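Report on one structure; see the data block that follows.
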Amino acid sequence: MTGARKDYQKIVGLVRQHEKWFSESLPLVASENVASQGVREVLSSDLGQRYAEGWPGERVYAGCRYIDQIELTAIDMAKRLFKAEFADVRPVSGACANLAIYSALTNPGDTMIALSIPNGGHISAGKKEFSGTAGLVHGLQIDYFSFDKEKMNIDVDETKKKLRALKSGGKSPKILMFGGSLILFPQPVEELTAVAKEIGAIPCYDAAHVAGLIAGGQFQDPLREGAHLMSFSTHKTLFGPQGGTIVAKEEYADGIKKAVFPGTSSNHHLHSVAGKALTFAEFLEYGKPYARSVVANAYALAEGLAELGEKVLGEEMGYTKSHQVALDVTGYGDGGVVEKKLEEMNIIANRQLLPGDLQAGRHYTNPGGVRLGVSELTRLGMNKSDMREVAQILHQALTTDDAAKTRKRISTLRKNHQSVKYSFRRSDAYFYH
Ligand SMILES: *Cc1c(COP(=O)(O)O)cnc(C)c1O
């Protein structure tokens, strides 16, 4: 066999092994989910080989007869799902959606307010010195929301003071970017819209993580609370294909369209648009019960872990109102060590920088925390009683070294959870076709 042929077969084999591994693991990465079989089928369709630059009906390529109908239907459903005047489903990721928003609303050198990374912010709203998209690619100056570590949320009064001080200092922010990657509780969008108006900043919401909870009516509704635009990933709590979307008030439509194409992409991913459309349909039908179950499961997991003596953040506010649970694992070393140990036991979760980590000399490779998300387990049909078992498995994994025992317990739990729920068709969760 030639080397290339061998490598070809090796890759197919690795993909199959990956599917098998995830079918017997506990997938707890908060930014991940599992798409339905219908979504995975359109992802492998011919649409993935085509071009459709521009807006439906105004393409600069031929061959878009059906693609245009798919995209217009996706737009229509996104608008209904998020009760938005305008939607652009073309961004190829959440980070690209954010970049389009920065490009439409600001000039390089302008200031944007976001959460710092230890307080839950995402690198796409980060400073240039950290290679954050906002700073590095669009030249924005980044300043931070004041944060209350006990409440695990933006501090409204301190933030108001800070915003007014920035305005007096001639560095009035153009965007307040709410949302985050570690997001346990709804943020004070409504409480800060008046001061945003006073200083001339546009409130935006990065719902990369919580879009599915918003669509299911189980989290805050940023566009109703004063945000003018909202970006999100389509594959985190929203269980679709990897991609991004922007929804906004109509007045931003022209600016966003140009910023998405040609500003920040040439062709977008048409197979992903079809997958987004199917996902929006699944959400219009099943979003409410799914999101309700996600939030209930996250709380059950947090409570279960706390009862077993684990250090769960956000206790003062009831641990979580989202899909996430944040654990302080400094008692077991650090987040990096714990992430590796859990992976060995088939528990897939990721390390997390926590508020106060930098002051304590920890950084992103050895942070103090681990972030858990229950969206994928929920889509596999798990409920609150399953979360009690997940809490015990996690506690066992953290406190003992018997990997084989933990793996066995997980594969037992997973036996009856191999298909995707909240979907129009019976749907295997992990398969290669
Ligand atoms: C994940 C995430 C993003 C980036 O999304 P991608 O789809 O991975 O590009 C942006 N913002 C926040 C808050 C995120 O958590």
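Chain identifiers are assigned as A, B, and so on, following the order in which chains appear in the structure tokens; residues are numbered from 1 within each chain, and ligands are numbered from 1 in order of appearance.
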
At a cut-off of 10 Å around ligand 1, and using only C-alpha atoms and all ligand atoms, what residues come up? Please write them as a PDB file with C-alpha atoms, in the first residue's frame.
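Result saved to part.pdb:
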```pdb
ATOM      1  CA  ALA A  30     -20.048  23.537  27.652  1.00  0.00           C
ATOM      2  CA  SER A  31     -19.464  24.847  24.112  1.00  0.00           C
ATOM      3  CA  GLU A  32     -20.332  21.541  22.462  1.00  0.00           C
ATOM      4  CA  PRO A  91     -21.178  34.118   9.511  1.00  0.00           C
ATOM      5  CA  VAL A  92     -19.073  30.953   9.533  1.00  0.00           C
ATOM      6  CA  SER A  93     -18.495  31.103  13.295  1.00  0.00           C
ATOM      7  CA  GLY A  94     -19.348  33.050  16.415  1.00  0.00           C
ATOM      8  CA  ALA A  95     -15.990  34.822  16.335  1.00  0.00           C
ATOM      9  CA  CYS A  96     -16.590  35.874  12.696  1.00  0.00           C
ATOM     10  CA  ALA A  97     -20.062  37.129  13.650  1.00  0.00           C
ATOM     11  CA  ASN A  98     -18.457  39.278  16.355  1.00  0.00           C
ATOM     12  CA  LEU A  99     -15.858  40.605  13.941  1.00  0.00           C
ATOM     13  CA  ALA A 114     -16.412  43.363  27.478  1.00  0.00           C
ATOM     14  CA  LEU A 115     -15.767  40.859  30.248  1.00  0.00           C
ATOM     15  CA  ILE A 117     -11.235  36.443  30.273  1.00  0.00           C
ATOM     16  CA  GLY A 120     -15.829  34.796  31.739  1.00  0.00           C
ATOM     17  CA  GLY A 121     -14.990  36.818  28.617  1.00  0.00           C
ATOM     18  CA  HIS A 122     -14.086  35.280  25.259  1.00  0.00           C
ATOM     19  CA  ILE A 123     -10.907  35.860  23.291  1.00  0.00           C
ATOM     20  CA  SER A 124     -12.913  37.183  20.314  1.00  0.00           C
ATOM     21  CA  ALA A 125     -13.600  40.278  22.450  1.00  0.00           C
ATOM     22  CA  THR A 133      -9.902  39.233  17.700  1.00  0.00           C
ATOM     23  CA  MET A 177     -20.482  43.645  24.567  1.00  0.00           C
ATOM     24  CA  PHE A 178     -22.474  41.572  27.036  1.00  0.00           C
ATOM     25  CA  GLY A 179     -22.382  37.775  27.156  1.00  0.00           C
ATOM     26  CA  GLY A 180     -19.482  35.449  27.834  1.00  0.00           C
ATOM     27  CA  SER A 181     -17.933  32.008  27.784  1.00  0.00           C
ATOM     28  CA  LEU A 182     -18.295  31.372  31.478  1.00  0.00           C
ATOM     29  CA  ILE A 183     -21.853  32.555  31.992  1.00  0.00           C
ATOM     30  CA  TYR A 205     -24.949  40.665  23.364  1.00  0.00           C
ATOM     31  CA  ASP A 206     -22.642  37.789  22.511  1.00  0.00           C
ATOM     32  CA  ALA A 207     -24.953  34.815  23.014  1.00  0.00           C
ATOM     33  CA  ALA A 208     -22.479  32.240  21.651  1.00  0.00           C
ATOM     34  CA  HIS A 209     -23.121  30.020  24.665  1.00  0.00           C
ATOM     35  CA  VAL A 210     -26.682  30.791  25.640  1.00  0.00           C
ATOM     36  CA  SER A 231     -24.315  37.372  17.800  1.00  0.00           C
ATOM     37  CA  PHE A 232     -24.131  33.681  18.523  1.00  0.00           C
ATOM     38  CA  SER A 233     -22.604  30.346  17.632  1.00  0.00           C
ATOM     39  CA  THR A 234     -25.051  27.794  16.260  1.00  0.00           C
ATOM     40  CA  HIS A 235     -23.495  24.748  17.930  1.00  0.00           C
ATOM     41  CA  LYS A 236     -23.269  25.366  21.679  1.00  0.00           C
ATOM     42  CA  PRO A 241     -23.803  22.748  12.857  1.00  0.00           C
ATOM     43  CA  GLN A 242     -20.698  24.778  13.652  1.00  0.00           C
ATOM     44  CA  GLY A 243     -21.344  28.342  12.534  1.00  0.00           C
ATOM     45  CA  GLY A 244     -22.492  31.795  13.575  1.00  0.00           C
ATOM     46  CA  THR A 245     -25.487  34.097  13.157  1.00  0.00           C
TER      47      THR A 245
END
```

Lys171 in chain A surroundings by only C-alpha atoms, 9 Å radius, close-in-sequence under 5 positions cut, as a compact mmCIF listing (two decimals) with C-alpha atoms, in the first residue's frame:
```txt
# COMPACT_ATOMS: atom_id res chain seq x y z
CA ASP A 110 -12.44 52.90 19.31
CA THR A 111 -13.09 51.42 22.74
CA ALA A 165 -15.23 58.08 33.83
CA LEU A 166 -14.23 56.73 30.41
```

Notebook entry, point to check: Distance CA of Ala391 in chain A-CA of Leu305 in chain A, one decimal place?
Noted result: 5.3 Å

Notebook entry, point to check: What lies within 10 Å of Ile214 in chain A using only C-alpha atoms, ignoring chain neighbours under 4 positions off, as a PyMOL selection string?
Noted result: chain A and resi 81-82+207+209-210+218-222+237-238+287-288+291+322

Using the selection just defined, write its residues with N, CA and C atoms as a CSV table (one decimal), in the first residue's frame.
```
chain,number,residue,atom,x,y,z
A,81,LEU,N,-37.5,32.8,15.7
A,81,LEU,CA,-37.0,32.2,17.0
A,81,LEU,C,-36.5,33.3,18.0
A,82,PHE,N,-35.8,34.3,17.5
A,82,PHE,CA,-35.2,35.3,18.4
A,82,PHE,C,-36.0,36.6,18.4
A,207,ALA,N,-24.2,36.0,22.5
A,207,ALA,CA,-25.0,34.8,23.0
A,207,ALA,C,-24.4,33.5,22.5
A,209,HIS,N,-22.8,31.2,23.8
A,209,HIS,CA,-23.1,30.0,24.7
A,209,HIS,C,-24.6,29.8,24.9
A,210,VAL,N,-25.3,30.9,25.1
A,210,VAL,CA,-26.7,30.8,25.6
A,210,VAL,C,-27.8,31.0,24.6
A,218,GLN,N,-35.6,30.3,28.2
A,218,GLN,CA,-35.2,29.9,29.6
A,218,GLN,C,-34.0,30.8,30.1
A,219,PHE,N,-33.7,31.9,29.4
A,219,PHE,CA,-32.7,32.7,29.9
A,219,PHE,C,-33.1,34.2,29.7
A,220,GLN,N,-32.3,35.1,29.9
A,220,GLN,CA,-32.7,36.5,29.6
A,220,GLN,C,-32.9,36.6,28.1
A,221,ASP,N,-33.7,37.7,27.7
A,221,ASP,CA,-33.9,37.9,26.2
A,221,ASP,C,-33.3,39.3,25.9
A,222,PRO,N,-32.0,39.2,25.5
A,222,PRO,CA,-31.3,40.5,25.3
A,222,PRO,C,-31.9,41.5,24.4
A,237,THR,N,-25.3,25.8,23.1
A,237,THR,CA,-26.6,25.3,23.5
A,237,THR,C,-27.6,25.2,22.4
A,238,LEU,N,-27.4,26.0,21.3
A,238,LEU,CA,-28.1,25.7,20.1
A,238,LEU,C,-27.5,24.5,19.4
A,287,GLY,N,-37.6,23.6,21.3
A,287,GLY,CA,-36.7,24.4,22.0
A,287,GLY,C,-37.0,24.6,23.5
A,288,LYS,N,-38.3,24.8,23.7
A,288,LYS,CA,-38.8,25.1,25.1
A,288,LYS,C,-38.5,23.9,26.1
A,291,ALA,N,-34.6,23.4,26.5
A,291,ALA,CA,-33.9,24.5,27.3
A,291,ALA,C,-34.3,24.4,28.7
A,322,SER,N,-27.9,28.7,33.9
A,322,SER,CA,-27.6,28.5,32.5
A,322,SER,C,-27.3,27.0,32.3
```

Margin query: List as number ranges by chain the protein and nucleic acid residues near range 68-79 of chain A, meaning an atom at most 10 Å away when only C-alpha atoms are counted, but skip any in the same chain fewer than 3 places from it.
Written below: A: 52, 55-59, 63-65, 82-90, 215, 245-248, 270-271, 273-281, 283-284

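In this model, the gap between CA of Val29 in chain A and CA of Ile348 in chain A comes to 6.3 Å.
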
Next item on the list: Among the residues of range 22-119 of chain A, find those DSSP assigns to alpha helix (DSSP H) from the backbone and print them as a ChimeraX atom specification.
Entry: /A:22-23,37-43,65-81,94-105

Any chance you can output those residues with C-alpha atoms as a compact mmCIF listing (two decimals), in the first residue's frame?
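Generated output (again-v8.txt):
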```txt
# COMPACT_ATOMS: atom_id res chain seq x y z
CA PHE A 22 -17.65 9.84 22.39
CA SER A 23 -20.42 7.23 22.43
CA GLN A 37 -28.96 13.01 11.93
CA GLY A 38 -30.88 15.32 9.57
CA VAL A 39 -28.41 18.14 10.25
CA ARG A 40 -25.45 15.80 9.78
CA GLU A 41 -26.87 14.58 6.48
CA VAL A 42 -27.16 18.06 4.97
CA LEU A 43 -23.66 18.83 6.25
CA ARG A 65 -31.80 28.47 -7.21
CA TYR A 66 -32.31 26.18 -4.20
CA ILE A 67 -29.58 27.65 -2.03
CA ASP A 68 -31.42 31.00 -2.01
CA GLN A 69 -34.65 29.37 -0.84
CA ILE A 70 -32.80 27.51 1.90
CA GLU A 71 -31.08 30.68 3.12
CA LEU A 72 -34.25 32.81 3.02
CA THR A 73 -36.09 30.15 5.04
CA ALA A 74 -33.21 30.02 7.54
CA ILE A 75 -33.35 33.83 7.89
CA ASP A 76 -37.10 33.76 8.39
CA MET A 77 -36.87 31.09 11.08
CA ALA A 78 -33.99 32.87 12.89
CA LYS A 79 -36.09 36.03 13.01
CA ARG A 80 -39.06 34.13 14.44
CA LEU A 81 -36.95 32.21 16.95
CA GLY A 94 -19.35 33.05 16.41
CA ALA A 95 -15.99 34.82 16.34
CA CYS A 96 -16.59 35.87 12.70
CA ALA A 97 -20.06 37.13 13.65
CA ASN A 98 -18.46 39.28 16.35
CA LEU A 99 -15.86 40.61 13.94
CA ALA A 100 -18.64 41.61 11.54
CA ILE A 101 -20.36 43.50 14.37
CA TYR A 102 -17.14 45.32 15.33
CA SER A 103 -16.54 46.20 11.68
CA ALA A 104 -20.08 47.49 11.17
CA LEU A 105 -20.23 49.61 14.34
```

Item checked: DSSP strand (DSSP E or B) selection over range 43-190 of chain A, as a VMD selection string -> chain A and resid 86 to 88 111 to 114 141 to 144 147 to 148 153 to 154 175 to 179

Margin query: Quick one: residues within 10 Å of Gly333 in chain A, only C-alpha atoms, excluding same-chain residues fewer than 5 positions away - as a ChimeraX atom specification?
Written below: /A:338,366-369

Put those residues in a file: C-alpha atoms, as a PDB file, in the first residue's frame.
```pdb
ATOM      1  CA  VAL A 338      -7.846  17.706  36.386  1.00  0.00           C
ATOM      2  CA  ASN A 366      -3.060  25.912  34.759  1.00  0.00           C
ATOM      3  CA  PRO A 367      -6.215  27.746  35.836  1.00  0.00           C
ATOM      4  CA  GLY A 368      -8.164  27.127  39.017  1.00  0.00           C
ATOM      5  CA  GLY A 369     -11.299  25.760  37.496  1.00  0.00           C
TER       6      GLY A 369
END
```

Next item on the list: For range 153-156 of chain A, please output as a ChimeraX atom specification all residues within 10 Å (counting only C-alpha atoms; exclusion window: fewer than 3 positions along the same chain).
Entry: /A:114-115,119-120,144-150,159-162,178,183-189,191-192,314,317

Sorted by chain and rising residue number, which residues of range 240-298 of chain A lie within 10 Å of range 378-386 of chain A, and what are their closest atom pairs and distances in Å to one decimal, counting only C-alpha atoms, as CSV?
```
residue,atom,partner,partner_atom,distance
A:Tyr290,CA,A:Arg379,CA,7.3
A:Ala291,CA,A:Thr378,CA,8.9
A:Arg292,CA,A:Thr378,CA,9.9
A:Ser293,CA,A:Thr378,CA,6.8
A:Val294,CA,A:Thr378,CA,5.8
A:Val295,CA,A:Thr378,CA,9.5
A:Ala296,CA,A:Lys384,CA,6.9
A:Asn297,CA,A:Lys384,CA,5.2
A:Ala298,CA,A:Lys384,CA,8.6
```

Item checked: Residue nearest Lys258 in chain A among A:Leu354, A:Glu53, A:Val137, A:Phe431 (counting only C-alpha atoms) ->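 Among the listed residues, the smallest separation from Lys258 in chain A belongs to A:Glu53.
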
Margin query: What's around Lys128 in chain A at 9 Å? Count only C-alpha atoms, leave out sequence neighbours fewer than 3 positions away in its own chain, and write the answer as number ranges by chain.
Written below: A: 131-137, 139-142
